[in-house]
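Notes for the one structure printed next.
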Amino acid sequence: MRLQDTYRHKGMRKKLVEVLRSKNIQSESVLNAIGSIPRHWFLDQAFEEWAYKNVAFPIGSEQTISHPYTVAFQTELLGIEKGMKILEIGTGSGYQASVLSFLGAKVYSIERQQNLFDKTSKFLPQIGFQRIRTFHGDGYKGLPRFAPFDRILVTAGAINIPKSLASQLKIDGYMIIPVGDEETQEMIKVTRIAEGDYQTERFGSFSFVPFLSGTDTL
Ligand code: SAH
């Protein structure tokens with residue numbers, strides 16, 4: 001039942017894509033990914049109606065699935081090309097990871113909450129995203145075993161730019177990370193221009209759940 005994708009869902013998704021377009025999301029491949037992936041599958045069935053509104057929504061464990069606009073904005077900034085290796089911090093519902101995988105990226109995603117990790121790592125292969133590799137751990141540490149990455153995406157609000165993550169970027173690779181206080185964060189692009197040399201650019205204000213250190217099982 002849960003995995004139905006009806007004409008009604010498709011219609012709502014089409015409208016969402018038009019909303020994103022009107023908010024200046026321009027990448028056709030990003031719009032196509034959002035238009036193709038049934039976002040309602042990532043929410044509990046009772047909340048299906050919410051899936052295609054441009055709002056953040058609780059997914060349990062005090063966490064949210066990001067606004068569709070935020071997902072679209074971060075994904076557009078990432079400039080994904082097929083085959084790129086991407087590290088996502090904050091797997092949550094797995095929706096953002098699915099968008100990246102749909103675009104042809106090799107996705108590695110870390111979640112600190114055990115229950116979300118368990119739920120999402122079981123769920124993604126069920127809906128066809130077998131290739132997303134999920135990890136339970138502390139995103140601050142990244143995944144040195146699989147580094148370097150073409151891109152790193154942080155989907156929780158950080159108070160600073162963790163050096164451990166920046167150092168896992170390829171040269172010319174970059175990270176998209178919201179940085180600020182508890183209420184608002186600035187979207188920052190950190191490019192590794194040489195071994196120990198980074199450049200930052202800013203892309204406006206957003207609001208994310210906090211990037212916490214450690215895992216919930218420690
Ligand atoms: N990308 C998610 C949005 C998740 S909200 C989606 O598409 O649904 C942010 C997520 O980051 C939450 O699930 C939260 O538990 C996780 N998180 C916060 N701090 C973390 C850390 N240090 N390491 C890994 N995940 C973290």
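In the structure tokens, chains take letters A, B, ... by order of appearance, with residues numbered from 1 within each chain and ligands from 1 in the order shown.
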
Counting only C-alpha atoms and all ligand atoms, which protein, DNA or RNA residues come within 6 Å of ligand 1, given as JSON, numbers by chain?
-> {"A": [63, 64, 65, 66, 89, 90, 91, 92, 93, 94, 95, 96, 110, 111, 112, 113, 138, 139, 140, 155, 156, 209, 210, 211, 212, 213, 214]}

Selection to disk with C-alpha atoms, as a tab-separated table (two decimals), in the first residue's frame:
chain	number	residue	atom	x	y	z
A	63	GLN	CA	14.46	15.12	12.85
A	64	THR	CA	13.01	16.49	9.64
A	65	ILE	CA	13.14	15.70	5.96
A	66	SER	CA	14.40	18.97	4.44
A	89	ILE	CA	26.08	13.90	6.27
A	90	GLY	CA	22.63	13.27	7.78
A	91	THR	CA	20.88	10.45	5.91
A	92	GLY	CA	17.58	11.10	7.72
A	93	SER	CA	14.72	9.81	5.57
A	94	GLY	CA	17.07	9.01	2.66
A	95	TYR	CA	15.25	11.39	0.30
A	96	GLN	CA	18.21	13.64	-0.44
A	110	ILE	CA	26.17	8.89	7.33
A	111	GLU	CA	23.48	9.10	10.01
A	112	ARG	CA	24.18	9.45	13.74
A	113	GLN	CA	20.81	8.19	15.00
A	138	ASP	CA	29.46	10.58	13.49
A	139	GLY	CA	29.36	12.75	10.41
A	140	TYR	CA	31.98	15.11	11.86
A	155	THR	CA	22.22	18.40	5.63
A	156	ALA	CA	22.31	19.61	9.26
A	209	VAL	CA	18.17	20.86	12.46
A	210	PRO	CA	21.50	20.89	14.34
A	211	PHE	CA	24.63	19.02	13.29
A	212	LEU	CA	25.36	17.17	16.56
A	213	SER	CA	28.59	15.47	17.44
A	214	GLY	CA	28.92	11.82	18.38

Shell around Lys10 of chain A at 12 Å using only C-alpha atoms, local window under 6 positions removed, as a ChimeraX atom specification | /A:4,16-17,34-40,51-52

Keeping C-alpha atoms, export the residues of the selection given above as a PDB file, in the first residue's frame.
ATOM      1  CA  GLN A   4       1.849   3.225  -4.492  1.00  0.00           C
ATOM      2  CA  LEU A  16       5.876  20.957  -6.689  1.00  0.00           C
ATOM      3  CA  VAL A  17       8.328  21.061  -9.601  1.00  0.00           C
ATOM      4  CA  ILE A  34      12.420  15.656  -7.825  1.00  0.00           C
ATOM      5  CA  GLY A  35       9.639  15.162 -10.346  1.00  0.00           C
ATOM      6  CA  SER A  36      10.457  11.458 -10.592  1.00  0.00           C
ATOM      7  CA  ILE A  37      11.062  10.303  -7.012  1.00  0.00           C
ATOM      8  CA  PRO A  38       7.895   9.639  -4.977  1.00  0.00           C
ATOM      9  CA  ARG A  39       8.638  11.851  -1.988  1.00  0.00           C
ATOM     10  CA  HIS A  40       5.555  10.576  -0.164  1.00  0.00           C
ATOM     11  CA  ALA A  51       4.851  15.242   0.881  1.00  0.00           C
ATOM     12  CA  TYR A  52       4.481  17.690  -1.968  1.00  0.00           C
TER      13      TYR A  52
END

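Among the candidates A:His136, A:Arg21, A:Arg151, A:Lys119, the one nearest to Gln74 of chain A when counting only C-alpha atoms is A:Arg151.
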
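By chain and then residue number, the residues within 12 Å of Val19 of chain A are A:Met12, A:Arg13, A:Lys14, A:Lys15, A:Leu16, A:Ser22, A:Lys23, A:Asn24, A:Ile25, A:Gln26, A:Leu31, A:Ile34, A:Gly35, A:Tyr52, A:Lys53, A:Asn54, A:Val55, A:Pro68, A:Tyr69, A:Ala72, counting only C-alpha atoms and disregarding those fewer than 3 positions away in sequence.
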
Selected residues written out, C-alpha atoms, as an mmCIF file, in the first residue's frame:
data_model
loop_
_atom_site.group_PDB
_atom_site.id
_atom_site.type_symbol
_atom_site.label_atom_id
_atom_site.label_comp_id
_atom_site.auth_asym_id
_atom_site.auth_seq_id
_atom_site.Cartn_x
_atom_site.Cartn_y
_atom_site.Cartn_z
ATOM 1 C CA MET A 12 1.143 16.857 -6.858
ATOM 2 C CA ARG A 13 4.774 16.252 -7.760
ATOM 3 C CA LYS A 14 4.386 18.104 -11.029
ATOM 4 C CA LYS A 15 2.990 21.085 -9.144
ATOM 5 C CA LEU A 16 5.876 20.957 -6.689
ATOM 6 C CA SER A 22 9.177 29.639 -9.852
ATOM 7 C CA LYS A 23 11.636 29.911 -6.961
ATOM 8 C CA ASN A 24 14.480 29.908 -9.454
ATOM 9 C CA ILE A 25 15.671 26.303 -9.396
ATOM 10 C CA GLN A 26 16.954 26.013 -12.954
ATOM 11 C CA LEU A 31 13.873 19.201 -11.343
ATOM 12 C CA ILE A 34 12.420 15.656 -7.825
ATOM 13 C CA GLY A 35 9.639 15.162 -10.346
ATOM 14 C CA TYR A 52 4.481 17.690 -1.968
ATOM 15 C CA LYS A 53 4.114 20.904 -0.023
ATOM 16 C CA ASN A 54 7.215 22.992 0.218
ATOM 17 C CA VAL A 55 7.720 22.447 3.940
ATOM 18 C CA PRO A 68 11.925 20.302 -1.161
ATOM 19 C CA TYR A 69 13.310 23.744 -2.006
ATOM 20 C CA ALA A 72 16.691 21.309 -4.767
#

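In this structure, atom CA of Tyr174 of chain A sits 4.2 Å away from atom CA of Thr191 of chain A.
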
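Relative to atom CA of Leu100 of chain A, atom CA of Gly180 of chain A is found at 24.6 Å.
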
Between A:Glu183, A:Gly104, A:Leu3, A:Asp216, smallest distance to Asp44 of chain A by only C-alpha atoms belongs to A:Leu3

Looking at A:Tyr7, A:Arg145, A:Met187, A:Phe208, which one is nearest to Leu78 of chain A, with distances taken over only C-alpha atoms?
-> A:Met187

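With only C-alpha atoms taken into account, the protein and nucleic acid residues at most 12 Å from Ser167 of chain A (excluding it and anything under 4 positions from it in its own chain) are Tyr140, Lys141, Gly142, Leu143, Pro144, Ala147, Pro148, Phe149, Asp150, Arg151, Ile152, Ile161, Pro162, Lys163, Ile171, Asp172, Gly173, Tyr174, Met175, Val190, Thr191, Arg192, Ile193, Ala194, Glu195, Gly196, Asp197 and Tyr198 of chain A.
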
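With atom CA of Gly83 of chain A on one side and atom CA of Arg131 of chain A on the other, the separation reads 11.8 Å.
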
Determine which residues of segment 9-74 of chain A receive a DSSP assignment of strand (DSSP E), computed from the backbone, and state them as a PyMOL selection string.
-> chain A and resi 57-58+64-65

Neighbours of Lys82 of chain A within 12 Å (only C-alpha atoms; same-chain residues fewer than 3 positions away dropped), as a list in words?
->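 Surrounding residues, per the criterion: Ser29, Gly79, Lys85, Ile86, Leu100, Ser101, Phe102, Leu103, Gly104, Ala105, Lys106, Val107 and Asp150 of chain A.
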